[in-house]
Amino acid sequence: MDVYICEKPNQGRDLAAILGAKQRADGYLHNGSNIVVTWAVGHLLELFAPDEYDAKYKSWNIDDLPILPNPFKENTKKQTYKQYKVIEGLVKKASTVYVATDFDREGEAIARSLLDRMRFSGHVKRVCLTALDDASIRKALKSMKSGHETLPLYHAAQARQRADWLVGMNISRLYSCLTRAAGYDGTIQIGRVLTPMVSIMVDRDKQIANFKPVPFYDVAITANVQNGQFNTKWIVPELLSDETGRCLDQNLANKVVTEVDNAQGRIIEAETKPGKEQAPLLFDLISLQQYGNSHWGYSAQQVLDAAQALYENHKASSYPRTDCKYLPDSQHVDVSATLEAVSSNDSVLGRLIKNADPNRKSRAFNDKKVTAHHGIIPTTAAVDISKLNEIERNLYDAICRRYIAQFYPDHEFLKSKILLECRGHRFSSAGKTPTQAGWKVVVGNNDCPSETKQGEDDYDESNASLPRVQVGEPAHIHDTKLLPKMTKAPPHYTESTLLAAMEHVAKFVDEAQFKKVLKDTAGIGTPATRASIIEKALKQGYLMRQKKAILATEKAFSLDQILPTAIKSPSMTAIWEQTLDAVAQGKVERDVFLKQIEAWISQTVNQLKDNRRTLTEKGGVISSAFQPAMPKTFPCFACKGDLKRIKGKNGFFWGCQSECCKKTFPDKRGKPEKRIEDEDCPVCADCGKPMKLRQGKKVAKGKKADMFWGCSGYPECKSTAPYKASRKTAA
């Protein structure tokens, strides 16, 4: 019997439809004879928690560290145990198992971990699914790989999962124990990718906080020539400028203004030549997340969820968790069918497709650049775009436009440069005049990624109307202006720029040997995990959102002070990620990598255990670092003990930490509020019952409702009194 294992039920249903397995059963589909399609629900197995190895690990004790399982063990997840038993029963009868999960290392692990646990010894084949429309599934079934070829993907996933477990369980417990000993009552989460990302955030916010603006000066002029006029700026001589070419000397800039105003200059260089830009490459996940954040303010997680829905639920686009922007050459034969499908799905895009040339082969088609998955593209499936939500609709449109742009001509323009000299001072102006819109008709001017702009930064398309000039031509200078400016601090990270920082981590590394190694790697994390890592950092209190910006919190600053470089350095985790890629390619053994991680963790844990007293005592490194992150306390209204802010199921409240009190109080804008006790309440003048403090109805938007006293005998007694009335008797 042939058993196909998919990652999720809807994936299984799509595959089963192509295989003719239309008969339903509990947890699988079959064709009545020899083909069965079943599915996991994500990972059905999970690594043991520490206390499942030994009950002593239920409490966090620094003396129990390090925890190094040998061997690692896995449990079935309780919530999916029924489906696990379904797959187990089918695998026992199988002669060949087809792994049809997502074609990446995590997808490989979902199926392979089950086969290992079930001790399957038959044949294994790999169905390399990259999209779930009918055409893509049929193509994947015709070009299957042997199980041996993709086994290293499983080993890489195991190495990643176990390394993350070792770091999380050991280093998180280690620093949580140390900070609690220093007085900080909170959990410290350390992650192989999480912690370096937080460190990058802290460094940026430190740069902003410590930034001191410096004044500098530009000189702008207008030059009249035979065919018109143009604006141009002073070129600061190298010997008189700072390292970025700016003039910091106001007197020098004023001198230039005085000398050239109303003077006669001449053109010493004039150049106009044609140029062109190729269409932007296809989206990978990171560039799609950046696009969604910069254009609509979507979070990275929102974009990932919507892209996953387009892939799984709507069959509208290809596999989204990719780090590739290219397509294999073989997919060029599908261009006409794909464009025709998109045109049928969306009439607006259909009008653009009429002018596309499906025979054109852009730079996006390149076998040498394709990794495990190709760039994100639309499928040939019929899609009812009215059923897409707003985020899905916007992303589908963007994905289609990037694809359509590949079949449009280059964007062409004339590049112009003018160099003017007057009384020994030089002024430069550059412009770019479009001559053929090309692919910009499809994606617009605001979708010009950095790869299309390389070498074009000196040309300003907004300054397009430079007049024709000749070398030696006179130029009369007027409207000379001194432009005082101030240097600016680097901007706070947004989700878009933070994703870029995680991807291009090499620029944050000082060590030359690491820079060279990291230059061509994919940075820290993977396209599939970066969004969840940002969300986790927000949830753990290391980061906070402020409008579109993301800022580091006091907790993040405190943690950054106490962590050694080896834990928070982006270079370390990027090197790990590169090693995991080597495991996935079969170049490095999984167990060799894990032994290195275990040795590093043991050394780190033992060093800090030996120095814990010095670190955590009053005035010690950890105690001092976490002082700003300590939660604010207020004196208890009843016993003067410490009140602590606590998050309950109905929101925040304040609880007294004194054993003899334990009273609670409501939270009001981050501060405790004293309750009105019964003995403090006024007495109703009509019936003699105590009155209760109540809140009236809002009278205007944004205005808080007034408080008043209402009789506790309501509705029998409807007597009320102003809140500021006597506390003993309500008149």
# chains A, B, ... in the order shown; residues from 1 in each chain; ligands from 1
$ residues_around --residues "A:Pro666" --least-positions-apart "4" --cutoff "8 Å" --atoms "only C-alpha atoms" --output "list in words"
Phe652, Phe653, Trp654, Pro672, Glu673, Lys674 and Arg675 of chain A
$ write_last_selection --atoms "C-alpha atoms" --output "short mmCIF file (atom, residue, chain, number, x, y, z; two decimals), in the first residue's frame"
data_model
loop_
_atom_site.label_atom_id
_atom_site.label_comp_id
_atom_site.auth_asym_id
_atom_site.auth_seq_id
_atom_site.Cartn_x
_atom_site.Cartn_y
_atom_site.Cartn_z
CA PHE A 652 -4.59 44.31 35.91
CA PHE A 653 -5.03 44.73 39.67
CA TRP A 654 -2.73 45.40 42.63
CA PRO A 672 -3.43 51.33 42.59
CA GLU A 673 -6.72 52.95 43.56
CA LYS A 674 -8.10 52.83 47.07
CA ARG A 675 -11.49 51.16 47.40
#
$ residues_around --residues "stretch 219-223 of chain A" --least-positions-apart "5" --cutoff "9 Å" --atoms "only C-alpha atoms" --output "list of chain:residue names"
A:Gly228, A:Gln229, A:Phe230, A:Asn231, A:Thr232, A:Lys233, A:Trp234, A:Ile235, A:Ala253, A:Asn254, A:Val256, A:Val257, A:Val260, A:Asp261, A:Gly265, A:Leu420, A:Phe427, A:Ala475, A:His476, A:Ile477, A:His478, A:Asp479, A:Thr480, A:Lys481, A:Leu482, A:Leu483, A:Pro484
$ write_last_selection --atoms "N, CA and C atoms" --output "mmCIF file, in the first residue's frame"
data_model
loop_
_atom_site.group_PDB
_atom_site.id
_atom_site.type_symbol
_atom_site.label_atom_id
_atom_site.label_comp_id
_atom_site.auth_asym_id
_atom_site.auth_seq_id
_atom_site.Cartn_x
_atom_site.Cartn_y
_atom_site.Cartn_z
ATOM 1 N N GLY A 228 17.562 77.585 -20.632
ATOM 2 C CA GLY A 228 16.715 77.567 -19.449
ATOM 3 C C GLY A 228 17.496 77.773 -18.171
ATOM 4 N N GLN A 229 17.042 77.123 -17.106
ATOM 5 C CA GLN A 229 17.742 77.225 -15.824
ATOM 6 C C GLN A 229 17.622 75.904 -15.074
ATOM 7 N N PHE A 230 18.464 75.737 -14.073
ATOM 8 C CA PHE A 230 18.422 74.524 -13.257
ATOM 9 C C PHE A 230 18.964 74.839 -11.869
ATOM 10 N N ASN A 231 18.551 74.015 -10.922
ATOM 11 C CA ASN A 231 19.028 74.140 -9.550
ATOM 12 C C ASN A 231 20.200 73.191 -9.337
ATOM 13 N N THR A 232 21.154 73.616 -8.539
ATOM 14 C CA THR A 232 22.337 72.792 -8.312
ATOM 15 C C THR A 232 22.927 73.092 -6.940
ATOM 16 N N LYS A 233 23.730 72.167 -6.418
ATOM 17 C CA LYS A 233 24.286 72.306 -5.060
ATOM 18 C C LYS A 233 25.805 72.285 -5.073
ATOM 19 N N TRP A 234 26.344 72.949 -4.087
ATOM 20 C CA TRP A 234 27.792 73.070 -3.909
ATOM 21 C C TRP A 234 28.416 71.718 -3.564
ATOM 22 N N ILE A 235 29.536 71.400 -4.205
ATOM 23 C CA ILE A 235 30.326 70.212 -3.862
ATOM 24 C C ILE A 235 31.385 70.657 -2.856
ATOM 25 N N ALA A 253 30.835 78.262 4.357
ATOM 26 C CA ALA A 253 29.657 78.217 3.495
ATOM 27 C C ALA A 253 29.184 79.628 3.142
ATOM 28 N N ASN A 254 29.236 80.536 4.133
ATOM 29 C CA ASN A 254 28.851 81.930 3.877
ATOM 30 C C ASN A 254 29.779 82.581 2.855
ATOM 31 N N VAL A 256 31.294 81.100 0.397
ATOM 32 C CA VAL A 256 30.908 80.611 -0.933
ATOM 33 C C VAL A 256 29.692 81.372 -1.441
ATOM 34 N N VAL A 257 28.692 81.577 -0.575
ATOM 35 C CA VAL A 257 27.487 82.308 -0.964
ATOM 36 C C VAL A 257 27.836 83.707 -1.459
ATOM 37 N N VAL A 260 29.793 83.675 -5.006
ATOM 38 C CA VAL A 260 29.166 83.216 -6.249
ATOM 39 C C VAL A 260 27.860 83.927 -6.571
ATOM 40 N N ASP A 261 27.260 84.612 -5.594
ATOM 41 C CA ASP A 261 25.967 85.247 -5.843
ATOM 42 C C ASP A 261 26.085 86.304 -6.937
ATOM 43 N N GLY A 265 29.430 81.868 -13.988
ATOM 44 C CA GLY A 265 30.155 80.606 -13.975
ATOM 45 C C GLY A 265 30.170 79.992 -15.359
ATOM 46 N N LEU A 420 29.156 72.524 -12.806
ATOM 47 C CA LEU A 420 29.338 73.958 -13.036
ATOM 48 C C LEU A 420 30.436 74.484 -12.114
ATOM 49 N N PHE A 427 29.684 73.068 -8.505
ATOM 50 C CA PHE A 427 28.300 72.739 -8.198
ATOM 51 C C PHE A 427 27.859 71.608 -9.126
ATOM 52 N N ALA A 475 27.129 80.417 -17.463
ATOM 53 C CA ALA A 475 25.961 80.216 -16.603
ATOM 54 C C ALA A 475 25.920 81.347 -15.586
ATOM 55 N N HIS A 476 24.811 82.073 -15.562
ATOM 56 C CA HIS A 476 24.678 83.180 -14.607
ATOM 57 C C HIS A 476 24.013 82.657 -13.340
ATOM 58 N N ILE A 477 24.649 82.914 -12.204
ATOM 59 C CA ILE A 477 24.190 82.369 -10.920
ATOM 60 C C ILE A 477 23.358 83.420 -10.186
ATOM 61 N N HIS A 478 22.193 82.983 -9.680
ATOM 62 C CA HIS A 478 21.368 83.877 -8.850
ATOM 63 C C HIS A 478 20.602 83.016 -7.850
ATOM 64 N N ASP A 479 19.833 83.697 -7.040
ATOM 65 C CA ASP A 479 19.031 83.002 -6.014
ATOM 66 C C ASP A 479 19.905 82.051 -5.190
ATOM 67 N N THR A 480 21.030 82.575 -4.718
ATOM 68 C CA THR A 480 21.972 81.771 -3.923
ATOM 69 C C THR A 480 21.475 81.675 -2.484
ATOM 70 N N LYS A 481 21.451 80.456 -1.932
ATOM 71 C CA LYS A 481 20.909 80.253 -0.583
ATOM 72 C C LYS A 481 21.878 79.446 0.275
ATOM 73 N N LEU A 482 22.013 79.904 1.525
ATOM 74 C CA LEU A 482 22.692 79.101 2.542
ATOM 75 C C LEU A 482 21.627 78.261 3.233
ATOM 76 N N LEU A 483 21.804 76.947 3.265
ATOM 77 C CA LEU A 483 20.811 76.041 3.851
ATOM 78 C C LEU A 483 21.365 75.394 5.120
ATOM 79 N N PRO A 484 21.091 76.005 6.294
ATOM 80 C CA PRO A 484 21.539 75.383 7.553
ATOM 81 C C PRO A 484 20.751 74.094 7.810
#
$ residues_around --residues "stretch 279-293 of chain A" --least-positions-apart "5" --cutoff "7 Å" --atoms "only C-alpha atoms" --output "ChimeraX atom specification"
/A:298-300,303,320-326,364,375-376,399,402-403,405-406,410,439,448-449,452,495-496,499,527
$ write_last_selection --atoms "N, CA and C atoms" --output "CSV table (one decimal), in the first residue's frame"
chain,number,residue,atom,x,y,z
A,298,TYR,N,1.1,46.4,7.7
A,298,TYR,CA,0.8,45.1,8.3
A,298,TYR,C,2.0,44.6,9.0
A,299,SER,N,1.8,43.8,10.1
A,299,SER,CA,2.9,43.2,10.8
A,299,SER,C,3.4,42.0,10.0
A,300,ALA,N,4.6,41.6,10.3
A,300,ALA,CA,5.2,40.5,9.6
A,300,ALA,C,4.3,39.2,9.8
A,303,VAL,N,1.3,39.4,7.5
A,303,VAL,CA,1.6,39.0,6.1
A,303,VAL,C,1.8,37.5,5.9
A,320,PRO,N,4.8,30.2,0.4
A,320,PRO,CA,5.3,31.5,0.8
A,320,PRO,C,6.5,31.5,1.6
A,321,ARG,N,6.9,30.4,2.3
A,321,ARG,CA,8.0,30.5,3.3
A,321,ARG,C,9.3,30.2,2.5
A,322,THR,N,9.6,31.1,1.6
A,322,THR,CA,10.8,30.9,0.7
A,322,THR,C,11.7,32.1,0.9
A,323,ASP,N,13.0,31.8,0.7
A,323,ASP,CA,14.1,32.9,0.8
A,323,ASP,C,14.6,33.2,-0.6
A,324,CYS,N,13.8,32.8,-1.7
A,324,CYS,CA,14.3,32.9,-3.1
A,324,CYS,C,13.4,33.8,-3.8
A,325,LYS,N,14.0,34.6,-4.7
A,325,LYS,CA,13.3,35.6,-5.6
A,325,LYS,C,13.3,35.2,-7.1
A,326,TYR,N,13.7,33.9,-7.3
A,326,TYR,CA,13.9,33.5,-8.7
A,326,TYR,C,13.0,32.3,-9.0
A,364,ALA,N,14.6,37.0,-13.6
A,364,ALA,CA,14.0,36.2,-12.5
A,364,ALA,C,14.1,34.7,-12.8
A,375,GLY,N,10.6,31.8,-6.0
A,375,GLY,CA,9.9,33.0,-5.6
A,375,GLY,C,8.4,32.8,-5.6
A,376,ILE,N,7.7,33.7,-4.9
A,376,ILE,CA,6.3,33.6,-4.7
A,376,ILE,C,5.6,34.2,-6.0
A,399,ILE,N,1.6,40.4,-5.4
A,399,ILE,CA,2.3,39.2,-6.0
A,399,ILE,C,2.1,39.1,-7.5
A,402,ARG,N,4.1,41.8,-9.4
A,402,ARG,CA,5.5,41.5,-9.6
A,402,ARG,C,5.8,40.5,-10.7
A,403,TYR,N,4.8,39.5,-10.7
A,403,TYR,CA,5.0,38.5,-11.8
A,403,TYR,C,4.7,39.0,-13.2
A,405,ALA,N,5.1,42.0,-14.1
A,405,ALA,CA,6.2,43.0,-14.5
A,405,ALA,C,7.4,42.3,-15.2
A,406,GLN,N,7.5,41.0,-15.0
A,406,GLN,CA,8.6,40.2,-15.6
A,406,GLN,C,8.5,40.2,-17.1
A,410,ASP,N,12.0,46.9,-20.1
A,410,ASP,CA,12.8,47.6,-19.1
A,410,ASP,C,12.2,49.0,-19.0
A,439,TRP,N,8.1,48.4,-17.1
A,439,TRP,CA,7.4,47.6,-16.0
A,439,TRP,C,6.8,48.5,-15.0
A,448,CYS,N,10.1,50.1,-6.1
A,448,CYS,CA,11.5,50.0,-6.8
A,448,CYS,C,12.5,49.5,-5.8
A,449,PRO,N,12.6,48.2,-5.6
A,449,PRO,CA,13.5,47.7,-4.6
A,449,PRO,C,14.9,48.1,-4.9
A,452,THR,N,17.1,47.4,-8.0
A,452,THR,CA,16.9,48.0,-9.3
A,452,THR,C,17.6,49.4,-9.3
A,495,GLU,N,8.8,47.2,11.7
A,495,GLU,CA,8.9,45.8,11.4
A,495,GLU,C,9.6,45.5,10.1
A,496,SER,N,9.4,46.4,9.1
A,496,SER,CA,10.1,46.2,7.8
A,496,SER,C,11.6,46.3,7.9
A,499,LEU,N,13.1,43.4,10.0
A,499,LEU,CA,13.2,42.2,9.2
A,499,LEU,C,14.5,42.3,8.3
A,527,PRO,N,13.1,32.8,7.0
A,527,PRO,CA,11.9,33.6,6.5
A,527,PRO,C,10.7,33.2,7.2
$ closest_residue --among "A:Ser362, A:Thr179, A:Thr529, A:Gln596" --to "A:Ala625" --atoms "only C-alpha atoms"
A:Thr179
$ closest_residue --among "A:His123, A:Lys644, A:Arg363, A:Lys555" --to "A:Ala94" --atoms "only C-alpha atoms"
A:His123
$ atom_distance --atom1 "atom CA of A:Val592" --atom2 "atom CA of A:Leu580"
11.2 Å
$ select_by_dssp --residues "stretch 124-233 of chain A" --states "alpha helix (DSSP H)" --output "PyMOL selection string"
chain A and resi 134-142+147-181+194-210
$ residues_around --residues "A:Ile524" --least-positions-apart "4" --cutoff "10 Å" --atoms "only C-alpha atoms" --output "VMD selection string"
chain A and resid 192 to 194 196 to 197 499 501 to 506 518 529 to 530 570 to 578
$ write_last_selection --atoms "C-alpha atoms" --output "compact mmCIF listing (two decimals), in the first residue's frame"
# COMPACT_ATOMS: atom_id res chain seq x y z
CA ARG A 192 19.16 31.54 19.79
CA VAL A 193 17.55 34.11 17.47
CA LEU A 194 15.37 36.08 19.89
CA PRO A 196 20.51 38.68 19.22
CA MET A 197 17.50 40.37 17.63
CA LEU A 499 13.21 42.17 9.16
CA ALA A 501 18.31 43.88 9.80
CA MET A 502 17.71 40.22 10.70
CA GLU A 503 18.27 39.19 7.09
CA HIS A 504 21.42 41.28 6.52
CA VAL A 505 23.01 40.69 9.91
CA ALA A 506 26.60 40.90 8.64
CA LEU A 518 28.11 35.95 6.99
CA THR A 529 10.30 32.13 11.77
CA ARG A 530 11.23 35.83 11.89
CA PRO A 570 24.26 38.12 15.85
CA SER A 571 27.40 36.51 14.48
CA MET A 572 27.02 33.46 16.70
CA THR A 573 23.45 32.63 15.75
CA ALA A 574 24.12 33.34 12.07
CA ILE A 575 27.05 30.93 12.16
CA TRP A 576 24.70 28.38 13.73
CA GLU A 577 22.16 28.95 10.96
CA GLN A 578 24.87 28.49 8.36
$ atom_distance --atom1 "atom CA of A:Glu473" --atom2 "atom CA of A:Thr258"
22.4 Å
$ closest_residue --among "A:Asn355, A:Leu395, A:Gly350, A:Arg162" --to "A:Leu304" --atoms "only C-alpha atoms"
A:Leu395
$ closest_residue --among "A:Arg173, A:Lys8, A:Arg160, A:Lys78" --to "A:Leu65" --atoms "only C-alpha atoms"
A:Arg173
$ residues_around --residues "A:Gln331" --least-positions-apart "6" --cutoff "12 Å" --atoms "only C-alpha atoms" --output "PDB file with N, CA and C atoms, in the first residue's frame"
ATOM      1  N   ALA A 135      -2.170  21.960 -11.314  1.00  0.00           N
ATOM      2  CA  ALA A 135      -1.012  21.840 -12.207  1.00  0.00           C
ATOM      3  C   ALA A 135       0.275  21.630 -11.418  1.00  0.00           C
ATOM      4  N   SER A 136       0.434  22.362 -10.311  1.00  0.00           N
ATOM      5  CA  SER A 136       1.655  22.242  -9.506  1.00  0.00           C
ATOM      6  C   SER A 136       1.746  20.884  -8.827  1.00  0.00           C
ATOM      7  N   LYS A 139       2.735  18.275 -11.406  1.00  0.00           N
ATOM      8  CA  LYS A 139       4.153  18.417 -11.740  1.00  0.00           C
ATOM      9  C   LYS A 139       5.021  17.810 -10.636  1.00  0.00           C
ATOM     10  N   ALA A 337      -0.217  30.230 -19.311  1.00  0.00           N
ATOM     11  CA  ALA A 337      -1.332  29.690 -18.513  1.00  0.00           C
ATOM     12  C   ALA A 337      -1.518  30.493 -17.231  1.00  0.00           C
ATOM     13  N   THR A 338      -0.404  30.889 -16.608  1.00  0.00           N
ATOM     14  CA  THR A 338      -0.491  31.651 -15.359  1.00  0.00           C
ATOM     15  C   THR A 338      -1.085  33.033 -15.609  1.00  0.00           C
ATOM     16  N   PRO A 358       4.502  37.219 -22.980  1.00  0.00           N
ATOM     17  CA  PRO A 358       4.821  35.962 -22.285  1.00  0.00           C
ATOM     18  C   PRO A 358       6.095  35.296 -22.801  1.00  0.00           C
ATOM     19  N   LYS A 361      11.847  36.707 -21.310  1.00  0.00           N
ATOM     20  CA  LYS A 361      12.447  35.932 -20.223  1.00  0.00           C
ATOM     21  C   LYS A 361      13.302  36.871 -19.377  1.00  0.00           C
ATOM     22  N   ALA A 364      14.562  37.002 -13.595  1.00  0.00           N
ATOM     23  CA  ALA A 364      13.998  36.183 -12.521  1.00  0.00           C
ATOM     24  C   ALA A 364      14.052  34.692 -12.847  1.00  0.00           C
ATOM     25  N   PHE A 365      14.166  34.348 -14.134  1.00  0.00           N
ATOM     26  CA  PHE A 365      14.290  32.939 -14.526  1.00  0.00           C
ATOM     27  C   PHE A 365      15.777  32.579 -14.533  1.00  0.00           C
ATOM     28  N   ASN A 366      16.198  31.863 -13.511  1.00  0.00           N
ATOM     29  CA  ASN A 366      17.625  31.569 -13.350  1.00  0.00           C
ATOM     30  C   ASN A 366      17.795  30.328 -12.481  1.00  0.00           C
ATOM     31  N   ASP A 367      18.086  29.202 -13.106  1.00  0.00           N
ATOM     32  CA  ASP A 367      18.252  27.940 -12.375  1.00  0.00           C
ATOM     33  C   ASP A 367      19.310  28.025 -11.283  1.00  0.00           C
ATOM     34  N   VAL A 370      17.968  29.464  -7.862  1.00  0.00           N
ATOM     35  CA  VAL A 370      16.820  28.858  -7.192  1.00  0.00           C
ATOM     36  C   VAL A 370      17.293  27.963  -6.050  1.00  0.00           C
ATOM     37  N   HIS A 374      11.100  28.271  -5.026  1.00  0.00           N
ATOM     38  CA  HIS A 374      11.260  29.422  -5.907  1.00  0.00           C
ATOM     39  C   HIS A 374      10.520  30.629  -5.335  1.00  0.00           C
ATOM     40  N   GLY A 375      10.593  31.768  -6.035  1.00  0.00           N
ATOM     41  CA  GLY A 375       9.918  32.983  -5.605  1.00  0.00           C
ATOM     42  C   GLY A 375       8.404  32.808  -5.565  1.00  0.00           C
ATOM     43  N   ILE A 377       4.764  33.337  -6.564  1.00  0.00           N
ATOM     44  CA  ILE A 377       4.084  33.722  -7.807  1.00  0.00           C
ATOM     45  C   ILE A 377       2.617  33.295  -7.739  1.00  0.00           C
ATOM     46  N   THR A 379      -0.724  31.283  -9.028  1.00  0.00           N
ATOM     47  CA  THR A 379      -0.898  29.956  -9.609  1.00  0.00           C
ATOM     48  C   THR A 379      -1.867  30.036 -10.788  1.00  0.00           C
TER      49      THR A 379
END
$ closest_residue --among "A:Ile208, A:Val99, A:Leu608, A:Ala17" --to "A:Leu563" --atoms "only C-alpha atoms"
A:Leu608
$ closest_residue --among "A:Tyr723, A:Lys536, A:Gly541, A:Pro467" --to "A:Ala270" --atoms "only C-alpha atoms"
A:Pro467
